[in-house]
Amino acid sequence: MATMSVSAEQAAKLVSEANKMRERAHAPYSQFHVGAALLAEDGTVFQGCNVENASYGLTICAERTAICTAVAAGHKKFRAMAIVTDLEERMCPPCGACRQVMAEFGDYDVLAAMPDGSYECHTTMSLLPGSFSDKDLVDAKRTPRSHMY
């Protein structure tokens with residue numbers, strides 16, 4: 001587990017905000033409610049919850065909801081994200097798709113928490129070492145577009 005770059009007070013606030021968002025989740029199919037709170041570099045907190053859809057592939061996770069909301073508001077640098085699920089017996093880390101989206105915006109704290117407020121700290125890079133990134137696109141950018149099709 002990682003050493004946190006945010007204070008214990010900031011972490012507790014993020015976990016509390018994520019827990020509130022968990023209660024707003026739309027999860028009629030899985031009954032698995034998830035909330036997220038994302039701390040931007042300037043101190044702004046963006047929230048998200050999972051929103052399921054009858055067409056399962058269209059479901060969006062809480063983590064990606066929070067990130068999309070932050071990006072839409074002009075924020076792309078983050079310090080920490082708290083994630084709270086319904087699980088009471090263990091912390092639940094983000095899914096693989098969310099890990100990849102989280103890694104797009106750098107290495108920051110990820111607090112996997114339970115409804116009672118207890119949490120464990122990871123970082124985006126510890127959750128997804130060797131993630132696909134812009135560095136992997138360098139060769140593609142050098143290839144003229146006319147040769148790509």
# chains A, B, ... in the order shown; residues from 1 in each chain; ligands from 1

$ residues_around --residues "segment 60-62 of chain A" --least-positions-apart "2" --cutoff "9 Å" --atoms "only C-alpha atoms" --output "CSV table (one decimal) with N, CA, C and O atoms, in the first residue's frame"
chain,number,residue,atom,x,y,z
A,21,MET,N,-22.3,9.6,-2.4
A,21,MET,CA,-22.6,9.4,-3.8
A,21,MET,C,-23.0,7.9,-4.0
A,21,MET,O,-23.8,7.6,-4.9
A,22,ARG,N,-22.4,7.0,-3.2
A,22,ARG,CA,-22.8,5.6,-3.3
A,22,ARG,C,-24.3,5.4,-3.1
A,22,ARG,O,-25.0,4.6,-3.8
A,25,ALA,N,-26.3,6.0,-6.4
A,25,ALA,CA,-26.1,5.1,-7.5
A,25,ALA,C,-27.4,4.5,-8.1
A,25,ALA,O,-28.3,4.3,-7.3
A,33,HIS,N,-23.8,-0.8,-5.5
A,33,HIS,CA,-23.7,0.6,-5.5
A,33,HIS,C,-22.3,1.1,-5.2
A,33,HIS,O,-21.6,0.7,-4.3
A,34,VAL,N,-21.8,2.1,-6.0
A,34,VAL,CA,-20.5,2.6,-5.9
A,34,VAL,C,-20.5,4.1,-6.0
A,34,VAL,O,-21.3,4.7,-6.8
A,35,GLY,N,-19.8,4.8,-5.1
A,35,GLY,CA,-19.6,6.2,-5.2
A,35,GLY,C,-18.2,6.6,-5.2
A,35,GLY,O,-17.3,5.8,-4.8
A,36,ALA,N,-17.9,7.7,-5.9
A,36,ALA,CA,-16.5,8.2,-6.0
A,36,ALA,C,-16.4,9.7,-5.7
A,36,ALA,O,-17.4,10.4,-6.0
A,37,ALA,N,-15.3,10.1,-5.1
A,37,ALA,CA,-15.0,11.5,-4.9
A,37,ALA,C,-13.6,11.8,-5.4
A,37,ALA,O,-12.7,11.1,-4.9
A,47,GLN,N,-17.7,14.5,-7.9
A,47,GLN,CA,-18.3,13.3,-7.4
A,47,GLN,C,-18.9,12.5,-8.5
A,47,GLN,O,-19.2,13.0,-9.6
A,48,GLY,N,-19.1,11.2,-8.3
A,48,GLY,CA,-19.7,10.3,-9.3
A,48,GLY,C,-20.3,9.1,-8.6
A,48,GLY,O,-19.9,8.7,-7.5
A,49,CYS,N,-21.2,8.5,-9.3
A,49,CYS,CA,-21.8,7.2,-8.9
A,49,CYS,C,-22.0,6.4,-10.1
A,49,CYS,O,-22.0,6.9,-11.2
A,50,ASN,N,-22.1,5.1,-9.9
A,50,ASN,CA,-22.3,4.2,-11.0
A,50,ASN,C,-23.8,4.3,-11.5
A,50,ASN,O,-24.7,4.5,-10.7
A,51,VAL,N,-23.9,4.3,-12.8
A,51,VAL,CA,-25.2,4.4,-13.4
A,51,VAL,C,-25.4,3.2,-14.4
A,51,VAL,O,-24.7,3.2,-15.4
A,52,GLU,N,-26.2,2.2,-14.0
A,52,GLU,CA,-26.4,1.0,-14.8
A,52,GLU,C,-27.4,1.3,-15.9
A,52,GLU,O,-28.2,2.2,-15.8
A,53,ASN,N,-27.4,0.4,-16.9
A,53,ASN,CA,-28.3,0.5,-18.0
A,53,ASN,C,-28.8,-0.9,-18.3
A,53,ASN,O,-28.0,-1.9,-18.2
A,57,GLY,N,-23.6,-3.0,-21.4
A,57,GLY,CA,-22.4,-2.4,-21.9
A,57,GLY,C,-22.4,-0.9,-21.8
A,57,GLY,O,-21.3,-0.2,-21.9
A,58,LEU,N,-23.5,-0.3,-21.6
A,58,LEU,CA,-23.7,1.2,-21.5
A,58,LEU,C,-23.5,1.7,-20.1
A,58,LEU,O,-23.6,2.9,-19.8
A,64,ARG,N,-15.3,6.7,-13.4
A,64,ARG,CA,-15.3,7.4,-14.7
A,64,ARG,C,-16.3,8.6,-14.7
A,64,ARG,O,-16.1,9.6,-15.4
A,65,THR,N,-17.4,8.4,-14.0
A,65,THR,CA,-18.4,9.5,-13.9
A,65,THR,C,-17.7,10.8,-13.3
A,65,THR,O,-17.8,11.9,-13.8
A,66,ALA,N,-17.0,10.5,-12.2
A,66,ALA,CA,-16.3,11.6,-11.5
A,66,ALA,C,-15.2,12.2,-12.4
A,66,ALA,O,-15.1,13.5,-12.5
A,67,ILE,N,-14.4,11.4,-13.1
A,67,ILE,CA,-13.4,11.9,-13.9
A,67,ILE,C,-14.0,12.7,-15.1
A,67,ILE,O,-13.5,13.8,-15.4
A,83,ILE,N,-13.1,5.8,-3.4
A,83,ILE,CA,-14.1,4.9,-4.0
A,83,ILE,C,-14.8,4.1,-2.8
A,83,ILE,O,-14.1,3.4,-2.1
A,94,PRO,N,-10.9,-0.4,-8.0
A,94,PRO,CA,-11.6,-0.1,-9.3
A,94,PRO,C,-11.4,-1.2,-10.3
A,94,PRO,O,-10.4,-1.9,-10.3
A,95,CYS,N,-12.4,-1.3,-11.2
A,95,CYS,CA,-12.3,-2.3,-12.3
A,95,CYS,C,-11.1,-1.9,-13.3
A,95,CYS,O,-10.6,-0.8,-13.2
A,98,CYS,N,-11.7,1.3,-15.4
A,98,CYS,CA,-11.5,2.6,-14.6
A,98,CYS,C,-10.1,2.8,-14.3
A,98,CYS,O,-9.6,4.0,-14.3

$ select_by_dssp --residues "segment 26-113 of chain A" --states "alpha helix (DSSP H)" --output "PyMOL selection string"
chain A and resi 62-72+96-103

$ residues_around --residues "segment 103-112 of chain A" --least-positions-apart "2" --cutoff "9 Å" --atoms "only C-alpha atoms" --output "PyMOL selection string"
chain A and resi 2-6+11+14-15+76-85+91-94+98-101+114+118-128+131-134

$ select_by_dssp --residues "segment 6-139 of chain A" --states "strand (DSSP E or B)" --output "count of residues only"
33

$ atom_distance --atom1 "atom CA of Pro115 of chain A" --atom2 "atom CA of Arg90 of chain A"
10.1 Å

$ atom_distance --atom1 "atom CA of Ala12 of chain A" --atom2 "atom CA of Met102 of chain A"
20.4 Å

$ atom_distance --atom1 "atom CA of Ser16 of chain A" --atom2 "atom CA of Gly43 of chain A"
15.6 Å
